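*Asks:* Please find one structure pasted underneath; my questions will follow.
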Amino acid sequence: MKVDKTLSLKYNLLIKSKLTTVNIIAMTNKDTENHQRKENTMDLNTQVCIVGAGPGGALLGYLLAAQGVSVILLERHGHIDKEFRGEHLNAVGERILRQHGLYEQVRREGLLHMERVEYFQDGQIIKTILPGPGEEHTGIHVPQKNLLHVLLGQSLKFPNYRLMMDTTVTDLIRDPVDHQVTGVRVRYDGEELTIHSRLVIGADGRYSTVRKLAGIQATIIKHGFDLLWARIPAPDGWPPTVRMALAQEAQLALFTQQGGYIQIGWNIPQDTYPQLRKSPVDPFAEALIHAFPQLQVTVQEHIRSWNDFVLLKVQSCVCDTWVQPGLVIMGDAAHTFSPTGAIGVNSAMQDAHVLAPLLLEALAADDVSSERLGVFEQLRRQETADELDSQFTREAGFRDQFPAYRS
Ligand SMILES: Cc1cc2nc3c(=O)[nH]c(=O)nc-3n(C[C@H](O)[C@H](O)[C@H](O)COP(=O)(O)OP(=O)(O)OC[C@H]3O[C@@H](n4cnc5c(N)ncnc54)[C@H](O)[C@@H]3O)c2cc1C
């Protein structure tokens, strides 16, 4: 990608790409920028300002920029190397990437097709789910940095698109008369910038700042468990599979990952991690080995303390609305899921896919009212409610997959 050395670092795009590691350090092309300095404040203008460069915001930015809409995408982190995030694509996510001509690029960046899902009991396979007729796999592992590298890299080709990393949204701007959202205030490099925008999109994840600033109520729903993540190297010959077991009365899942790793996801009773950490990790590691004896050597080598785990506090949420005049929230910001079934990434991308054409119409009609934007919510709310219901059903029925433990 081209770097114009005459521009200041702050307003340059500088992408360093090392193998699969991507650092997007700074942003924007001054030539395409409509800005002015006012005392200590920089004002920018755009048609759509998207907050959050996760899978949802990054895909939406690409789809809009490809249609000629001026887009500013804001991301508070300075890099996209996230680990322990949603990384499994199902048929929905795959279809969306293929439909928008992005799948082959993501494949080249690195992904892995799962050959089957297996249920284990006492070290033995008791049930196998194979791809259905006409299907090539039972899911796809895509490291989130690979997905984001493609989505952001393709978007940066458009002169009407600007990515601002290391930039945190701190406030919404509203019209003083009708209270419509007309932009955001951000903090970048110790300075405050104001971005005026016809539309603001909150794609800023489960703890969404935009949602809070907008005063949108989110009902948090607990699932009765939290999740411990760990990552270990895959032993030689380990197949691309998702493997499930019941260990210490809880769901244990192994996801083979692109790049030669296994991601371990272990449900623990909600809020028990601080207590668990006070006891030795050994019984936990032994239960893991009992469930999957092939992992004995690797587990003994790589699971040595609780520091080898990362905790995900499991909760989903339902919001009272997804839209206000000039504002939409989407992805995890609008409907967080539990990790069951790896729905989150796919659902955020489906939001972007559904929302992009509606935003194009709203801009063309110069109408960003709640009524118009609310069509997005009408199209997607029931689907996400159904997905959440199906998660609860699967969570309640997990134990029944194992004959020896059926109640
Ligand atoms: C630890 C963890 C593990 C997960 N595991 C799975 C899994 O295995 N399978 C699965 O399907 N899902 C999983 N998820 C959920 C999945 O990652 C999300 O559903 C998915 O990433 C949602 O995409 P999104 O674009 O809506 O939001 P996110 O991916 O959360 O992206 C939001 C972005 O907004 C940025 N942001 C936040 N606040 C601001 C601000 N004020 N200003 C600027 N930027 C901001 C964040 O830095 C982030 O990059 C996991 C989530 C977590 C946290």
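Chains: A, B, ... in order of the structure tokens. Residues: from 1 per chain. Ligands: from 1, in order shown.
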Give me, as a VMD selection string, the set of residues whose atoms come within 7 Å of any atom of ligand 1, counting only C-alpha atoms and all ligand atoms.
*Replies:* chain A and resid 51 to 57 74 to 77 84 to 88 167 to 170 203 to 206 208 to 210 312 330 to 333 336 to 337 339 341 to 346 348
*Asks:* Please report as JSON lines every residue of region 235-266 of chain A lying within 12 Å of region 302-307 of chain A, along with the nearest atom pair and their distance in Å (one decimal), using only C-alpha atoms.
*Replies:*
```
{"residue": "A:Pro235", "atom": "CA", "partner": "A:His302", "partner_atom": "CA", "distance": 11.9}
{"residue": "A:Tyr261", "atom": "CA", "partner": "A:His302", "partner_atom": "CA", "distance": 11.8}
{"residue": "A:Ile262", "atom": "CA", "partner": "A:His302", "partner_atom": "CA", "distance": 11.5}
{"residue": "A:Ile264", "atom": "CA", "partner": "A:Ile303", "partner_atom": "CA", "distance": 10.7}
```
*Asks:* Please, which residues of region 21-237 of chain A, numbered as in this document, come out helix (DSSP H, G or I) from DSSP, as a VMD selection string?
*Replies:* chain A and resid 30 to 32 55 to 66 91 to 99 103 to 109 144 to 155 209 to 214
*Asks:* Return the single residue from A:Leu311, A:Ala91, A:Val150, A:Met165 that is closest to Pro131 (chain A), with distances computed using only C-alpha atoms.
*Replies:*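 Checking each of A:Leu311, A:Ala91, A:Val150, A:Met165 against Pro131 (chain A), counting only C-alpha atoms, the winner is A:Ala91.
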*Asks:* Determine, counting only C-alpha atoms, which protein, DNA and RNA residues have an atom within 6 Å of an atom of Asn146 (chain A); residues of the same chain fewer than 3 positions away are not included. Present the result as a list of chain:residue names.
*Replies:*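 Those residues are A:Glu109, A:Pro143, A:His149.
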*Asks:* Which parts of region 157-401 of chain A does DSSP call strand (DSSP E or B) when run on the backbone here, written out as a PyMOL selection string?
*Replies:* chain A and resi 161-164+167-174+181-188+191-202+218-222+225-233+241-247+250-257+261-269+310-312+315-319+323-324+327-329
*Asks:* For those residues, write C-alpha atoms to a file as a PDB file, in the first residue's frame.
*Replies:*
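Here's the written file result.pdb:
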```pdb
ATOM      1  CA  TYR A 161     -12.827   5.830   3.098  1.00  0.00           C
ATOM      2  CA  ARG A 162     -10.816   6.741   6.146  1.00  0.00           C
ATOM      3  CA  LEU A 163      -9.704   4.468   8.977  1.00  0.00           C
ATOM      4  CA  MET A 164      -8.709   6.116  12.234  1.00  0.00           C
ATOM      5  CA  THR A 167      -9.225   6.828  18.209  1.00  0.00           C
ATOM      6  CA  THR A 168     -11.813   6.566  20.985  1.00  0.00           C
ATOM      7  CA  VAL A 169     -15.333   7.945  20.833  1.00  0.00           C
ATOM      8  CA  THR A 170     -16.115   9.956  23.951  1.00  0.00           C
ATOM      9  CA  ASP A 171     -19.383  11.726  23.138  1.00  0.00           C
ATOM     10  CA  LEU A 172     -22.244  12.009  20.676  1.00  0.00           C
ATOM     11  CA  ILE A 173     -23.135  15.339  19.060  1.00  0.00           C
ATOM     12  CA  ARG A 174     -26.826  16.120  18.788  1.00  0.00           C
ATOM     13  CA  VAL A 181     -27.411  12.589  16.306  1.00  0.00           C
ATOM     14  CA  THR A 182     -25.131  14.566  13.989  1.00  0.00           C
ATOM     15  CA  GLY A 183     -21.669  13.295  14.845  1.00  0.00           C
ATOM     16  CA  VAL A 184     -19.212  12.207  17.516  1.00  0.00           C
ATOM     17  CA  ARG A 185     -16.399  13.610  19.575  1.00  0.00           C
ATOM     18  CA  VAL A 186     -13.258  11.488  19.718  1.00  0.00           C
ATOM     19  CA  ARG A 187      -9.938  11.423  21.500  1.00  0.00           C
ATOM     20  CA  TYR A 188      -6.895  10.826  19.377  1.00  0.00           C
ATOM     21  CA  GLU A 191      -6.423  15.777  21.250  1.00  0.00           C
ATOM     22  CA  GLU A 192     -10.156  16.084  20.825  1.00  0.00           C
ATOM     23  CA  LEU A 193     -11.578  15.838  17.336  1.00  0.00           C
ATOM     24  CA  THR A 194     -15.141  16.447  16.227  1.00  0.00           C
ATOM     25  CA  ILE A 195     -16.590  14.365  13.418  1.00  0.00           C
ATOM     26  CA  HIS A 196     -19.785  15.673  11.828  1.00  0.00           C
ATOM     27  CA  SER A 197     -21.717  12.880  10.204  1.00  0.00           C
ATOM     28  CA  ARG A 198     -25.108  12.331   8.610  1.00  0.00           C
ATOM     29  CA  LEU A 199     -25.222   8.934  10.254  1.00  0.00           C
ATOM     30  CA  VAL A 200     -23.419   7.467  13.255  1.00  0.00           C
ATOM     31  CA  ILE A 201     -23.196   3.686  13.574  1.00  0.00           C
ATOM     32  CA  GLY A 202     -22.368   2.113  16.933  1.00  0.00           C
ATOM     33  CA  ALA A 218     -29.609  -2.871  27.472  1.00  0.00           C
ATOM     34  CA  THR A 219     -30.972  -5.779  29.486  1.00  0.00           C
ATOM     35  CA  ILE A 220     -28.081  -8.051  30.430  1.00  0.00           C
ATOM     36  CA  ILE A 221     -28.925 -11.758  30.485  1.00  0.00           C
ATOM     37  CA  LYS A 222     -26.653 -14.204  32.314  1.00  0.00           C
ATOM     38  CA  PHE A 225     -21.639 -19.973  33.166  1.00  0.00           C
ATOM     39  CA  ASP A 226     -18.465 -18.156  32.257  1.00  0.00           C
ATOM     40  CA  LEU A 227     -15.874 -19.419  29.816  1.00  0.00           C
ATOM     41  CA  LEU A 228     -12.195 -20.147  30.186  1.00  0.00           C
ATOM     42  CA  TRP A 229     -10.149 -19.961  26.991  1.00  0.00           C
ATOM     43  CA  ALA A 230      -6.701 -21.403  26.425  1.00  0.00           C
ATOM     44  CA  ARG A 231      -4.640 -22.065  23.333  1.00  0.00           C
ATOM     45  CA  ILE A 232      -2.205 -24.948  22.910  1.00  0.00           C
ATOM     46  CA  PRO A 233      -0.218 -26.227  19.912  1.00  0.00           C
ATOM     47  CA  THR A 241     -12.358 -30.727  14.028  1.00  0.00           C
ATOM     48  CA  VAL A 242     -14.545 -29.311  16.730  1.00  0.00           C
ATOM     49  CA  ARG A 243     -14.480 -31.776  19.631  1.00  0.00           C
ATOM     50  CA  MET A 244     -16.883 -31.691  22.564  1.00  0.00           C
ATOM     51  CA  ALA A 245     -16.840 -33.407  25.929  1.00  0.00           C
ATOM     52  CA  LEU A 246     -18.387 -33.121  29.351  1.00  0.00           C
ATOM     53  CA  ALA A 247     -15.593 -32.625  31.890  1.00  0.00           C
ATOM     54  CA  ALA A 250     -19.222 -28.798  32.324  1.00  0.00           C
ATOM     55  CA  GLN A 251     -18.959 -28.313  28.577  1.00  0.00           C
ATOM     56  CA  LEU A 252     -15.446 -28.622  27.216  1.00  0.00           C
ATOM     57  CA  ALA A 253     -14.842 -27.770  23.544  1.00  0.00           C
ATOM     58  CA  LEU A 254     -11.730 -28.019  21.423  1.00  0.00           C
ATOM     59  CA  PHE A 255     -11.543 -25.999  18.210  1.00  0.00           C
ATOM     60  CA  THR A 256      -8.735 -26.807  15.793  1.00  0.00           C
ATOM     61  CA  GLN A 257      -7.321 -23.490  14.614  1.00  0.00           C
ATOM     62  CA  TYR A 261      -3.298 -24.606  17.339  1.00  0.00           C
ATOM     63  CA  ILE A 262      -6.186 -25.881  19.403  1.00  0.00           C
ATOM     64  CA  GLN A 263      -8.413 -23.409  21.197  1.00  0.00           C
ATOM     65  CA  ILE A 264      -9.866 -24.823  24.402  1.00  0.00           C
ATOM     66  CA  GLY A 265     -13.162 -23.445  25.665  1.00  0.00           C
ATOM     67  CA  TRP A 266     -14.280 -24.626  29.093  1.00  0.00           C
ATOM     68  CA  ASN A 267     -17.522 -23.550  30.758  1.00  0.00           C
ATOM     69  CA  ILE A 268     -17.275 -22.900  34.491  1.00  0.00           C
ATOM     70  CA  PRO A 269     -20.129 -21.941  36.812  1.00  0.00           C
ATOM     71  CA  VAL A 310      -8.319 -16.134  29.678  1.00  0.00           C
ATOM     72  CA  LEU A 311     -11.753 -15.549  31.212  1.00  0.00           C
ATOM     73  CA  LEU A 312     -14.783 -14.534  29.145  1.00  0.00           C
ATOM     74  CA  GLN A 315     -23.610 -12.647  29.009  1.00  0.00           C
ATOM     75  CA  SER A 316     -25.986 -11.748  26.258  1.00  0.00           C
ATOM     76  CA  CYS A 317     -28.018  -8.586  25.982  1.00  0.00           C
ATOM     77  CA  VAL A 318     -31.243  -7.296  24.506  1.00  0.00           C
ATOM     78  CA  CYS A 319     -31.625  -3.574  23.808  1.00  0.00           C
ATOM     79  CA  VAL A 323     -32.072   3.184  16.315  1.00  0.00           C
ATOM     80  CA  GLN A 324     -32.495   6.869  17.070  1.00  0.00           C
ATOM     81  CA  LEU A 327     -28.002   6.684  14.848  1.00  0.00           C
ATOM     82  CA  VAL A 328     -27.956   2.887  14.516  1.00  0.00           C
ATOM     83  CA  ILE A 329     -26.348   0.304  16.792  1.00  0.00           C
TER      84      ILE A 329
END
```
*Asks:* Within 9 Å of Glu395 (chain A), counting only C-alpha atoms, which residues qualify if same-chain residues fewer than 5 places away don't, as a PyMOL selection string?
*Replies:* chain A and resi 223+251+340+390
*Asks:* Residues of the last selection are to be written out with C-alpha atoms, as a PDB file, in the first residue's frame.
*Replies:*
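See part-v5.pdb below for the written result:
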```pdb
ATOM      1  CA  HIS A 223     -26.303 -17.780  31.077  1.00  0.00           C
ATOM      2  CA  GLN A 251     -18.959 -28.313  28.577  1.00  0.00           C
ATOM      3  CA  THR A 340     -22.523 -21.164  22.167  1.00  0.00           C
ATOM      4  CA  SER A 390     -31.519 -21.450  20.239  1.00  0.00           C
TER       5      SER A 390
END
```
*Asks:* Can you pull out every residue within 7 Å of Ala58 (chain A), counting only C-alpha atoms, but drop anything in the same chain fewer than 5 positions away, and send it as a ChimeraX atom specification?
*Replies:* /A:53,148,151-152
*Asks:* Please identify all polymer residues within 8 Å of Phe402 (chain A), counting only C-alpha atoms, omitting same-chain residues fewer than 5 positions from it, and present them as a PDB file with C-alpha atoms, in the first residue's frame.
*Replies:*
```
ATOM      1  CA  TYR A 119     -18.500 -35.801  20.847  1.00  0.00           C
ATOM      2  CA  GLN A 121     -16.911 -39.572  26.384  1.00  0.00           C
ATOM      3  CA  ILE A 126     -19.576 -41.382  20.783  1.00  0.00           C
ATOM      4  CA  LEU A 246     -18.387 -33.121  29.351  1.00  0.00           C
TER       5      LEU A 246
END
```
*Asks:* Which residues are close to Tyr62 (chain A), i.e. within 10 Å by only C-alpha atoms, leaving aside same-chain residues fewer than 3 positions away? Reply as a ChimeraX atom specification.
*Replies:* /A:57-59,65-67,69,71,73,100,150-158,161,352,356
